[in-house]
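Undergrad: For reference, this is run.pdb, and it has PDB, C-alpha atoms.
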```
ATOM      1  CA  MET A 255      20.340  62.467  64.615
ATOM      2  CA  THR A 256      21.761  62.177  68.084
ATOM      3  CA  LYS A 257      24.698  64.350  69.073
ATOM      4  CA  GLY A 258      28.151  62.910  68.496
ATOM      5  CA  GLY A 259      26.979  60.583  65.691
ATOM      6  CA  GLY A 260      25.578  57.916  68.059
ATOM      7  CA  ALA A 261      22.796  55.523  67.226
ATOM      8  CA  LEU A 262      19.309  56.848  66.718
ATOM      9  CA  LYS A 263      16.431  55.886  68.991
ATOM     10  CA  ASP A 264      13.751  53.572  67.619
ATOM     11  CA  THR A 265      11.276  56.427  67.359
ATOM     12  CA  GLU A 266      13.765  58.433  65.283
ATOM     13  CA  ILE A 267      14.397  55.457  62.995
ATOM     14  CA  LEU A 268      10.651  54.943  62.572
ATOM     15  CA  ASP A 269      10.256  58.629  61.712
ATOM     16  CA  LEU A 270      12.804  58.158  58.923
ATOM     17  CA  TYR A 271      10.715  55.275  57.526
ATOM     18  CA  TRP A 272       7.553  57.374  57.713
ATOM     19  CA  ASP A 273       9.339  60.218  55.905
ATOM     20  CA  ARG A 274      10.513  57.623  53.301
ATOM     21  CA  LYS A 275      14.169  58.535  53.819
ATOM     22  CA  GLU A 276      16.642  55.840  52.785
ATOM     23  CA  GLU A 277      18.725  56.750  55.825
ATOM     24  CA  ALA A 278      16.189  54.595  57.732
ATOM     25  CA  ILE A 279      17.827  51.457  56.349
ATOM     26  CA  VAL A 280      21.335  52.636  57.230
ATOM     27  CA  GLU A 281      20.286  53.448  60.793
ATOM     28  CA  THR A 282      18.372  50.160  61.118
ATOM     29  CA  GLN A 283      21.504  48.281  60.034
ATOM     30  CA  LYS A 284      23.572  50.154  62.633
ATOM     31  CA  ALA A 285      21.102  49.518  65.445
ATOM     32  CA  TYR A 286      19.896  45.998  64.622
ATOM     33  CA  GLY A 287      22.280  44.484  62.060
ATOM     34  CA  GLY A 288      24.135  42.293  64.572
ATOM     35  CA  TYR A 289      20.934  41.218  66.305
ATOM     36  CA  CYS A 290      19.211  40.188  63.063
ATOM     37  CA  TYR A 291      22.332  38.487  61.732
ATOM     38  CA  SER A 292      22.549  36.442  64.935
ATOM     39  CA  ILE A 293      18.963  35.255  64.484
ATOM     40  CA  ALA A 294      19.584  34.258  60.867
ATOM     41  CA  TRP A 295      22.912  32.576  61.675
ATOM     42  CA  HIS A 296      21.428  30.361  64.400
ATOM     43  CA  ILE A 297      18.875  29.040  61.921
ATOM     44  CA  LEU A 298      20.958  28.839  58.744
ATOM     45  CA  TYR A 299      24.613  28.460  59.849
ATOM     46  CA  ASP A 300      25.626  29.989  56.530
ATOM     47  CA  LYS A 301      27.160  33.472  56.172
ATOM     48  CA  GLU A 302      25.874  34.238  52.682
ATOM     49  CA  ASP A 303      22.320  33.075  53.431
ATOM     50  CA  SER A 304      22.319  34.936  56.745
ATOM     51  CA  ASP A 305      23.498  38.149  55.066
ATOM     52  CA  GLU A 306      20.784  37.808  52.423
ATOM     53  CA  CYS A 307      18.067  37.282  55.039
ATOM     54  CA  VAL A 308      19.200  40.372  56.933
ATOM     55  CA  ASN A 309      19.179  42.450  53.734
ATOM     56  CA  ASP A 310      15.723  41.077  52.890
ATOM     57  CA  THR A 311      14.622  42.082  56.402
ATOM     58  CA  TRP A 312      15.474  45.712  55.665
ATOM     59  CA  LEU A 313      13.470  45.551  52.426
ATOM     60  CA  ARG A 314      10.469  44.016  54.216
ATOM     61  CA  ALA A 315      10.680  46.673  56.917
ATOM     62  CA  TRP A 316      10.844  49.409  54.249
ATOM     63  CA  ASN A 317       7.718  48.001  52.590
ATOM     64  CA  ALA A 318       5.845  47.541  55.891
ATOM     65  CA  ILE A 319       6.608  50.888  57.565
ATOM     66  CA  PRO A 320       4.304  52.700  56.856
ATOM     67  CA  PRO A 321       1.487  51.684  57.204
ATOM     68  CA  ASN A 322       2.679  49.705  60.254
ATOM     69  CA  ARG A 323       4.387  51.523  63.098
ATOM     70  CA  PRO A 324       5.724  48.807  65.399
ATOM     71  CA  THR A 325       5.863  49.613  69.101
ATOM     72  CA  ARG A 326       8.994  47.463  69.504
ATOM     73  CA  LEU A 327      11.177  47.802  66.430
ATOM     74  CA  GLY A 328      13.664  45.143  67.530
ATOM     75  CA  LEU A 329      10.970  42.485  67.936
ATOM     76  CA  PHE A 330       9.411  43.489  64.633
ATOM     77  CA  LEU A 331      12.719  43.157  62.774
ATOM     78  CA  GLY A 332      13.679  39.979  64.629
ATOM     79  CA  ALA A 333      10.404  38.308  63.679
ATOM     80  CA  ILE A 334      10.879  39.234  60.019
ATOM     81  CA  THR A 335      14.431  37.854  60.063
ATOM     82  CA  ARG A 336      13.358  34.632  61.793
ATOM     83  CA  ASN A 337      10.538  34.028  59.295
ATOM     84  CA  LEU A 338      12.758  34.738  56.290
ATOM     85  CA  SER A 339      15.479  32.472  57.696
ATOM     86  CA  LEU A 340      13.072  29.623  58.395
ATOM     87  CA  ASP A 341      11.621  29.941  54.889
ATOM     88  CA  ARG A 342      15.118  29.861  53.388
ATOM     89  CA  TRP A 343      16.079  26.871  55.549
ATOM     90  CA  LYS A 344      12.937  24.966  54.511
ATOM     91  CA  GLY A 345      13.667  25.770  50.868
ATOM     92  CA  LYS A 346      17.155  24.288  51.094
ATOM     93  CA  HIS A 347      16.364  21.130  53.052
ATOM     94  CA  THR A 348      14.300  18.130  52.130
ATOM     95  CA  MET A 349      13.034  15.217  54.145
ATOM     96  CA  LYS A 350      16.039  12.972  53.500
ATOM     97  CA  ARG A 351      17.226  10.319  55.917
ATOM     98  CA  GLY A 352      18.921  11.985  58.876
ATOM     99  CA  ASN A 353      17.646  15.383  57.828
ATOM    100  CA  GLY A 354      14.459  17.370  58.231
ATOM    101  CA  GLU A 355      14.293  17.495  62.040
ATOM    102  CA  MET A 356      13.544  21.226  61.983
ATOM    103  CA  ILE A 357      10.679  20.712  59.529
ATOM    104  CA  LEU A 358       9.206  17.939  61.673
ATOM    105  CA  ALA A 359       9.443  20.059  64.818
ATOM    106  CA  LEU A 360       7.870  23.074  63.114
ATOM    107  CA  ASP A 361       5.058  20.936  61.709
ATOM    108  CA  GLU A 362       4.335  19.611  65.214
ATOM    109  CA  LEU A 363       4.075  23.161  66.552
ATOM    110  CA  ALA A 364       1.894  24.299  63.650
ATOM    111  CA  GLU A 365      -1.090  22.508  65.149
ATOM    112  CA  CYS A 366      -1.094  24.739  68.239
ATOM    113  CA  LEU A 367       0.119  28.105  66.875
ATOM    114  CA  PRO A 368      -1.567  30.569  64.506
ATOM    115  CA  ASP A 369      -0.144  30.946  61.021
ATOM    116  CA  VAL A 370       2.019  34.052  60.477
ATOM    117  CA  ARG A 371       2.330  34.679  56.745
ATOM    118  CA  ASN A 372       2.803  38.378  56.167
ATOM    119  CA  THR A 373       4.630  41.287  57.675
ATOM    120  CA  GLU A 374       1.466  42.771  59.156
ATOM    121  CA  ASP A 375       1.008  39.603  61.214
ATOM    122  CA  ILE A 376       4.496  40.026  62.641
ATOM    123  CA  VAL A 377       3.335  42.740  65.026
ATOM    124  CA  GLU A 378       0.816  40.284  66.461
ATOM    125  CA  ALA A 379       3.572  37.656  66.553
ATOM    126  CA  ALA A 380       5.429  39.768  69.126
ATOM    127  CA  GLU A 381       2.412  39.495  71.441
ATOM    128  CA  LEU A 382       2.255  35.766  70.723
ATOM    129  CA  GLU A 383       5.913  35.487  71.712
ATOM    130  CA  ARG A 384       5.162  37.212  75.006
ATOM    131  CA  LEU A 385       2.293  34.808  75.702
ATOM    132  CA  ILE A 386       4.385  31.728  74.871
ATOM    133  CA  ASN A 387       7.164  32.923  77.172
ATOM    134  CA  HIS A 388       4.594  33.397  79.942
ATOM    135  CA  PHE A 389       3.275  29.891  79.307
ATOM    136  CA  LEU A 390       6.770  28.358  79.398
ATOM    137  CA  ARG A 391       7.632  30.077  82.677
ATOM    138  CA  GLY A 392       4.587  28.386  84.234
ATOM    139  CA  LEU A 393       5.693  24.871  83.272
ATOM    140  CA  PRO A 394       7.608  22.528  85.563
ATOM    141  CA  GLU A 395      11.338  22.807  84.821
ATOM    142  CA  LYS A 396      11.793  19.399  83.146
ATOM    143  CA  GLU A 397       8.669  19.765  81.000
ATOM    144  CA  CYS A 398       9.820  23.212  79.882
ATOM    145  CA  SER A 399      13.333  21.930  79.111
ATOM    146  CA  VAL A 400      12.023  19.014  77.035
ATOM    147  CA  PHE A 401       9.758  21.400  75.109
ATOM    148  CA  LEU A 402      12.585  23.877  74.453
ATOM    149  CA  HIS A 403      15.036  21.183  73.379
ATOM    150  CA  ARG A 404      12.533  19.973  70.805
ATOM    151  CA  TYR A 405      11.146  23.255  69.494
ATOM    152  CA  TRP A 406      13.972  25.732  70.065
ATOM    153  CA  TYR A 407      17.044  23.548  69.579
ATOM    154  CA  MET A 408      15.232  21.209  67.133
ATOM    155  CA  GLU A 409      16.635  18.088  68.790
ATOM    156  CA  GLU A 410      15.462  14.621  67.873
ATOM    157  CA  TYR A 411      13.279  12.665  70.287
ATOM    158  CA  ASN A 412      16.056  10.132  70.961
ATOM    159  CA  THR A 413      18.527  12.874  71.835
ATOM    160  CA  ILE A 414      16.071  14.457  74.256
ATOM    161  CA  ALA A 415      15.302  11.080  75.853
ATOM    162  CA  GLY A 416      19.013  10.445  76.400
ATOM    163  CA  ARG A 417      19.654  13.948  77.715
ATOM    164  CA  PHE A 418      16.940  13.706  80.373
ATOM    165  CA  GLY A 419      17.075   9.974  81.081
ATOM    166  CA  LEU A 420      13.554   9.392  79.749
ATOM    167  CA  LYS A 421      11.968   6.719  77.578
ATOM    168  CA  LEU A 422      11.253   7.700  73.980
ATOM    169  CA  ASN A 423       7.482   7.325  74.466
ATOM    170  CA  THR A 424       7.658   9.483  77.590
ATOM    171  CA  VAL A 425       9.253  12.292  75.570
ATOM    172  CA  LYS A 426       6.643  12.026  72.805
ATOM    173  CA  THR A 427       3.786  11.955  75.314
ATOM    174  CA  SER A 428       5.187  14.901  77.253
ATOM    175  CA  LEU A 429       5.534  16.972  74.085
ATOM    176  CA  PHE A 430       2.031  16.047  72.922
ATOM    177  CA  ARG A 431       0.537  17.079  76.270
ATOM    178  CA  THR A 432       2.547  20.307  76.428
ATOM    179  CA  ARG A 433       1.433  21.278  72.913
ATOM    180  CA  ALA A 434      -2.190  20.614  73.951
ATOM    181  CA  LYS A 435      -1.712  22.797  77.062
ATOM    182  CA  LEU A 436      -0.163  25.547  74.927
ATOM    183  CA  ARG A 437      -3.047  25.432  72.466
ATOM    184  CA  LYS A 438      -5.598  25.642  75.302
ATOM    185  CA  PHE A 439      -3.678  28.483  76.982
ATOM    186  CA  LEU A 440      -3.492  30.503  73.759
ATOM    187  CA  GLU A 441      -7.181  29.978  73.034
ATOM    188  CA  GLU A 442      -8.005  31.188  76.577
ATOM    189  CA  GLN A 443      -5.909  34.307  75.845
ATOM    190  CA  GLY A 444      -7.999  34.989  72.737
ATOM    191  CA  VAL A 445      -5.436  33.779  70.193
ATOM    192  CA  SER A 446      -7.080  32.120  67.212
ATOM    193  CA  VAL A 447      -5.295  28.853  66.484
TER     194      VAL A 447
END
```
In structure tokens, what does this structure look like?

TA:
Amino acid sequence: MTKGGGALKDTEILDLYWDRKEEAIVETQKAYGGYCYSIAWHILYDKEDSDECVNDTWLRAWNAIPPNRPTRLGLFLGAITRNLSLDRWKGKHTMKRGNGEMILALDELAECLPDVRNTEDIVEAAELERLINHFLRGLPEKECSVFLHRYWYMEEYNTIAGRFGLKLNTVKTSLFRTRAKLRKFLEEQGVSV
């Protein structure tokens, strides 16, 4: 433990997991509780569900470390929280009229991103995140903004068209082409899609 009762470093927290000490969860909560809650909240907008996803994140981390030893604990935990939150959101929402925009957006992205199903894949997901960020930085500003408004903010096509003064078909075409570029970029980087 650090002097003065401060937060532990990631390496110290990981050592606690490897030693199978329950203090690992307490220290993880101290260091990353707010960060993981923020991720869950921005997907679920529900306190109870967000709290449950964060608690489930600690359990998943406990079960994954060891054998995994993530190089970036925050990214590892954030990816677990995001996946749990998205799964919970999908479980609570159906494709009713006026609903399901997040599911549609995620389905569109599924065709150009590899499937991440288990905790072991989450480590690779951190590298995928880095590659996607690199890809987005290389896009023209408007194309990047349209892409982010669809796949980060989960906005409807009509909303995006209005926001950027574009025709609906222009938005759909732009997103289709950007997804194709992303797929090609990831394949060139050795990511299996």

Undergrad: Under the rule that all atoms listed in the file are counted, which of A:Lys275, A:Lys284, A:Arg342, A:Arg431 is the nearest residue to Tyr299 of chain A?

TA: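 When distances to Tyr299 of chain A are compared using all atoms listed in the file, the smallest one comes from A:Arg342.
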
Undergrad: Skip segment 319-333 of chain A itself and residues of its chain fewer than 3 positions away, then list as a PyMOL selection string all residues within 12 Å of it, counting only C-alpha atoms.

TA: chain A and resi 263-275+278-279+282-283+285-294+307-316+336-340+370-384

Undergrad: Using C-alpha atoms, can you write the selected residues to a file as a PDB file, in the coordinates of the input?

TA:
```
ATOM      1  CA  LYS A 263      16.431  55.886  68.991  1.00  0.00           C
ATOM      2  CA  ASP A 264      13.751  53.572  67.619  1.00  0.00           C
ATOM      3  CA  THR A 265      11.276  56.427  67.359  1.00  0.00           C
ATOM      4  CA  GLU A 266      13.765  58.433  65.283  1.00  0.00           C
ATOM      5  CA  ILE A 267      14.397  55.457  62.995  1.00  0.00           C
ATOM      6  CA  LEU A 268      10.651  54.943  62.572  1.00  0.00           C
ATOM      7  CA  ASP A 269      10.256  58.629  61.712  1.00  0.00           C
ATOM      8  CA  LEU A 270      12.804  58.158  58.923  1.00  0.00           C
ATOM      9  CA  TYR A 271      10.715  55.275  57.526  1.00  0.00           C
ATOM     10  CA  TRP A 272       7.553  57.374  57.713  1.00  0.00           C
ATOM     11  CA  ASP A 273       9.339  60.218  55.905  1.00  0.00           C
ATOM     12  CA  ARG A 274      10.513  57.623  53.301  1.00  0.00           C
ATOM     13  CA  LYS A 275      14.169  58.535  53.819  1.00  0.00           C
ATOM     14  CA  ALA A 278      16.189  54.595  57.732  1.00  0.00           C
ATOM     15  CA  ILE A 279      17.827  51.457  56.349  1.00  0.00           C
ATOM     16  CA  THR A 282      18.372  50.160  61.118  1.00  0.00           C
ATOM     17  CA  GLN A 283      21.504  48.281  60.034  1.00  0.00           C
ATOM     18  CA  ALA A 285      21.102  49.518  65.445  1.00  0.00           C
ATOM     19  CA  TYR A 286      19.896  45.998  64.622  1.00  0.00           C
ATOM     20  CA  GLY A 287      22.280  44.484  62.060  1.00  0.00           C
ATOM     21  CA  GLY A 288      24.135  42.293  64.572  1.00  0.00           C
ATOM     22  CA  TYR A 289      20.934  41.218  66.305  1.00  0.00           C
ATOM     23  CA  CYS A 290      19.211  40.188  63.063  1.00  0.00           C
ATOM     24  CA  TYR A 291      22.332  38.487  61.732  1.00  0.00           C
ATOM     25  CA  SER A 292      22.549  36.442  64.935  1.00  0.00           C
ATOM     26  CA  ILE A 293      18.963  35.255  64.484  1.00  0.00           C
ATOM     27  CA  ALA A 294      19.584  34.258  60.867  1.00  0.00           C
ATOM     28  CA  CYS A 307      18.067  37.282  55.039  1.00  0.00           C
ATOM     29  CA  VAL A 308      19.200  40.372  56.933  1.00  0.00           C
ATOM     30  CA  ASN A 309      19.179  42.450  53.734  1.00  0.00           C
ATOM     31  CA  ASP A 310      15.723  41.077  52.890  1.00  0.00           C
ATOM     32  CA  THR A 311      14.622  42.082  56.402  1.00  0.00           C
ATOM     33  CA  TRP A 312      15.474  45.712  55.665  1.00  0.00           C
ATOM     34  CA  LEU A 313      13.470  45.551  52.426  1.00  0.00           C
ATOM     35  CA  ARG A 314      10.469  44.016  54.216  1.00  0.00           C
ATOM     36  CA  ALA A 315      10.680  46.673  56.917  1.00  0.00           C
ATOM     37  CA  TRP A 316      10.844  49.409  54.249  1.00  0.00           C
ATOM     38  CA  ARG A 336      13.358  34.632  61.793  1.00  0.00           C
ATOM     39  CA  ASN A 337      10.538  34.028  59.295  1.00  0.00           C
ATOM     40  CA  LEU A 338      12.758  34.738  56.290  1.00  0.00           C
ATOM     41  CA  SER A 339      15.479  32.472  57.696  1.00  0.00           C
ATOM     42  CA  LEU A 340      13.072  29.623  58.395  1.00  0.00           C
ATOM     43  CA  VAL A 370       2.019  34.052  60.477  1.00  0.00           C
ATOM     44  CA  ARG A 371       2.330  34.679  56.745  1.00  0.00           C
ATOM     45  CA  ASN A 372       2.803  38.378  56.167  1.00  0.00           C
ATOM     46  CA  THR A 373       4.630  41.287  57.675  1.00  0.00           C
ATOM     47  CA  GLU A 374       1.466  42.771  59.156  1.00  0.00           C
ATOM     48  CA  ASP A 375       1.008  39.603  61.214  1.00  0.00           C
ATOM     49  CA  ILE A 376       4.496  40.026  62.641  1.00  0.00           C
ATOM     50  CA  VAL A 377       3.335  42.740  65.026  1.00  0.00           C
ATOM     51  CA  GLU A 378       0.816  40.284  66.461  1.00  0.00           C
ATOM     52  CA  ALA A 379       3.572  37.656  66.553  1.00  0.00           C
ATOM     53  CA  ALA A 380       5.429  39.768  69.126  1.00  0.00           C
ATOM     54  CA  GLU A 381       2.412  39.495  71.441  1.00  0.00           C
ATOM     55  CA  LEU A 382       2.255  35.766  70.723  1.00  0.00           C
ATOM     56  CA  GLU A 383       5.913  35.487  71.712  1.00  0.00           C
ATOM     57  CA  ARG A 384       5.162  37.212  75.006  1.00  0.00           C
TER      58      ARG A 384
END
```

Undergrad: What is the distance between atom CA of Lys344 of chain A and atom CA of Arg437 of chain A, in Å to one decimal?

TA: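 Calculated distance between atom CA of Lys344 of chain A and atom CA of Arg437 of chain A is 24.0 Å.
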
Undergrad: What do you get, as a ChimeraX atom specification, if you spell out every residue that the PyMOL selection byres ((chain A and resi 429) around 10) selects here?

TA: /A:362-363,397-398,400-402,404-405,411,423-428,430-435

Undergrad: Could you dump the residues just selected with C-alpha atoms as an mmCIF file, in the coordinates of the input?

TA:
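Output file selection.cif follows:
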```cif
data_model
loop_
_atom_site.group_PDB
_atom_site.id
_atom_site.type_symbol
_atom_site.label_atom_id
_atom_site.label_comp_id
_atom_site.auth_asym_id
_atom_site.auth_seq_id
_atom_site.Cartn_x
_atom_site.Cartn_y
_atom_site.Cartn_z
ATOM 1 C CA GLU A 362 4.335 19.611 65.214
ATOM 2 C CA LEU A 363 4.075 23.161 66.552
ATOM 3 C CA GLU A 397 8.669 19.765 81.000
ATOM 4 C CA CYS A 398 9.820 23.212 79.882
ATOM 5 C CA VAL A 400 12.023 19.014 77.035
ATOM 6 C CA PHE A 401 9.758 21.400 75.109
ATOM 7 C CA LEU A 402 12.585 23.877 74.453
ATOM 8 C CA ARG A 404 12.533 19.973 70.805
ATOM 9 C CA TYR A 405 11.146 23.255 69.494
ATOM 10 C CA TYR A 411 13.279 12.665 70.287
ATOM 11 C CA ASN A 423 7.482 7.325 74.466
ATOM 12 C CA THR A 424 7.658 9.483 77.590
ATOM 13 C CA VAL A 425 9.253 12.292 75.570
ATOM 14 C CA LYS A 426 6.643 12.026 72.805
ATOM 15 C CA THR A 427 3.786 11.955 75.314
ATOM 16 C CA SER A 428 5.187 14.901 77.253
ATOM 17 C CA PHE A 430 2.031 16.047 72.922
ATOM 18 C CA ARG A 431 0.537 17.079 76.270
ATOM 19 C CA THR A 432 2.547 20.307 76.428
ATOM 20 C CA ARG A 433 1.433 21.278 72.913
ATOM 21 C CA ALA A 434 -2.190 20.614 73.951
ATOM 22 C CA LYS A 435 -1.712 22.797 77.062
#
```

Undergrad: Quick one: distance from atom CA of Thr335 of chain A to atom CA of Asp303 of chain A in Å, one decimal?

TA: 11.4 Å

Undergrad: Taking all atoms of segment 261-265 of chain A that the file lists, what box with edges along x, y and z, padded by 8 Å per side, do you get, with centre and edge lengths in Å to one decimal, as AutoDock Vina command-line options?

TA:
```
--center_x 17.0 --center_y 55.2 --center_z 67.9 --size_x 27.5 --size_y 19.3 --size_z 18.3
```

Undergrad: When you draw a straight line from atom CA of Leu420 of chain A to atom CA of Phe389 of chain A, how long is it in Å?

TA: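 Separation of atom CA of Leu420 of chain A and atom CA of Phe389 of chain A: 22.9 Å.
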
Undergrad: Kindly resolve the PyMOL selection byres ((chain A and resi 439) around 12) on the present coordinates and return the residues as a PDB file with C-alpha atoms, in the coordinates of the input.

TA:
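So selection.pdb came out as:
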```pdb
ATOM      1  CA  CYS A 366      -1.094  24.739  68.239  1.00  0.00           C
ATOM      2  CA  LEU A 367       0.119  28.105  66.875  1.00  0.00           C
ATOM      3  CA  LEU A 382       2.255  35.766  70.723  1.00  0.00           C
ATOM      4  CA  LEU A 385       2.293  34.808  75.702  1.00  0.00           C
ATOM      5  CA  ILE A 386       4.385  31.728  74.871  1.00  0.00           C
ATOM      6  CA  ASN A 387       7.164  32.923  77.172  1.00  0.00           C
ATOM      7  CA  HIS A 388       4.594  33.397  79.942  1.00  0.00           C
ATOM      8  CA  PHE A 389       3.275  29.891  79.307  1.00  0.00           C
ATOM      9  CA  LEU A 390       6.770  28.358  79.398  1.00  0.00           C
ATOM     10  CA  GLY A 392       4.587  28.386  84.234  1.00  0.00           C
ATOM     11  CA  LEU A 393       5.693  24.871  83.272  1.00  0.00           C
ATOM     12  CA  THR A 432       2.547  20.307  76.428  1.00  0.00           C
ATOM     13  CA  ARG A 433       1.433  21.278  72.913  1.00  0.00           C
ATOM     14  CA  ALA A 434      -2.190  20.614  73.951  1.00  0.00           C
ATOM     15  CA  LYS A 435      -1.712  22.797  77.062  1.00  0.00           C
ATOM     16  CA  LEU A 436      -0.163  25.547  74.927  1.00  0.00           C
ATOM     17  CA  ARG A 437      -3.047  25.432  72.466  1.00  0.00           C
ATOM     18  CA  LYS A 438      -5.598  25.642  75.302  1.00  0.00           C
ATOM     19  CA  LEU A 440      -3.492  30.503  73.759  1.00  0.00           C
ATOM     20  CA  GLU A 441      -7.181  29.978  73.034  1.00  0.00           C
ATOM     21  CA  GLU A 442      -8.005  31.188  76.577  1.00  0.00           C
ATOM     22  CA  GLN A 443      -5.909  34.307  75.845  1.00  0.00           C
ATOM     23  CA  GLY A 444      -7.999  34.989  72.737  1.00  0.00           C
ATOM     24  CA  VAL A 445      -5.436  33.779  70.193  1.00  0.00           C
ATOM     25  CA  SER A 446      -7.080  32.120  67.212  1.00  0.00           C
ATOM     26  CA  VAL A 447      -5.295  28.853  66.484  1.00  0.00           C
TER      27      VAL A 447
END
```

Undergrad: Taking only C-alpha atoms, show segment 396-416 of chain A of the given structure as a JSON list (two decimals), in the first residue's frame.

TA:
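Result went into part19.json, see below:
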```
[["chain", "number", "residue", "atom", "x", "y", "z"],
["A", 396, "LYS", "CA", -17.39, 16.24, -41.29],
["A", 397, "GLU", "CA", -17.10, 12.54, -42.17],
["A", 398, "CYS", "CA", -15.69, 11.82, -38.72],
["A", 399, "SER", "CA", -18.44, 13.85, -37.02],
["A", 400, "VAL", "CA", -21.21, 12.06, -38.94],
["A", 401, "PHE", "CA", -19.67, 8.70, -38.03],
["A", 402, "LEU", "CA", -19.36, 9.61, -34.34],
["A", 403, "HIS", "CA", -22.89, 11.00, -34.12],
["A", 404, "ARG", "CA", -24.23, 7.72, -35.47],
["A", 405, "TYR", "CA", -22.04, 5.20, -33.66],
["A", 406, "TRP", "CA", -21.04, 7.00, -30.46],
["A", 407, "TYR", "CA", -24.11, 9.12, -29.76],
["A", 408, "MET", "CA", -26.47, 6.62, -31.47],
["A", 409, "GLU", "CA", -28.35, 9.37, -33.30],
["A", 410, "GLU", "CA", -30.92, 8.62, -35.96],
["A", 411, "TYR", "CA", -30.12, 9.29, -39.61],
["A", 412, "ASN", "CA", -32.67, 12.13, -39.79],
["A", 413, "THR", "CA", -31.17, 13.85, -36.77],
["A", 414, "ILE", "CA", -27.68, 13.65, -38.26],
["A", 415, "ALA", "CA", -28.92, 14.96, -41.61],
["A", 416, "GLY", "CA", -30.54, 17.95, -39.90]]
```
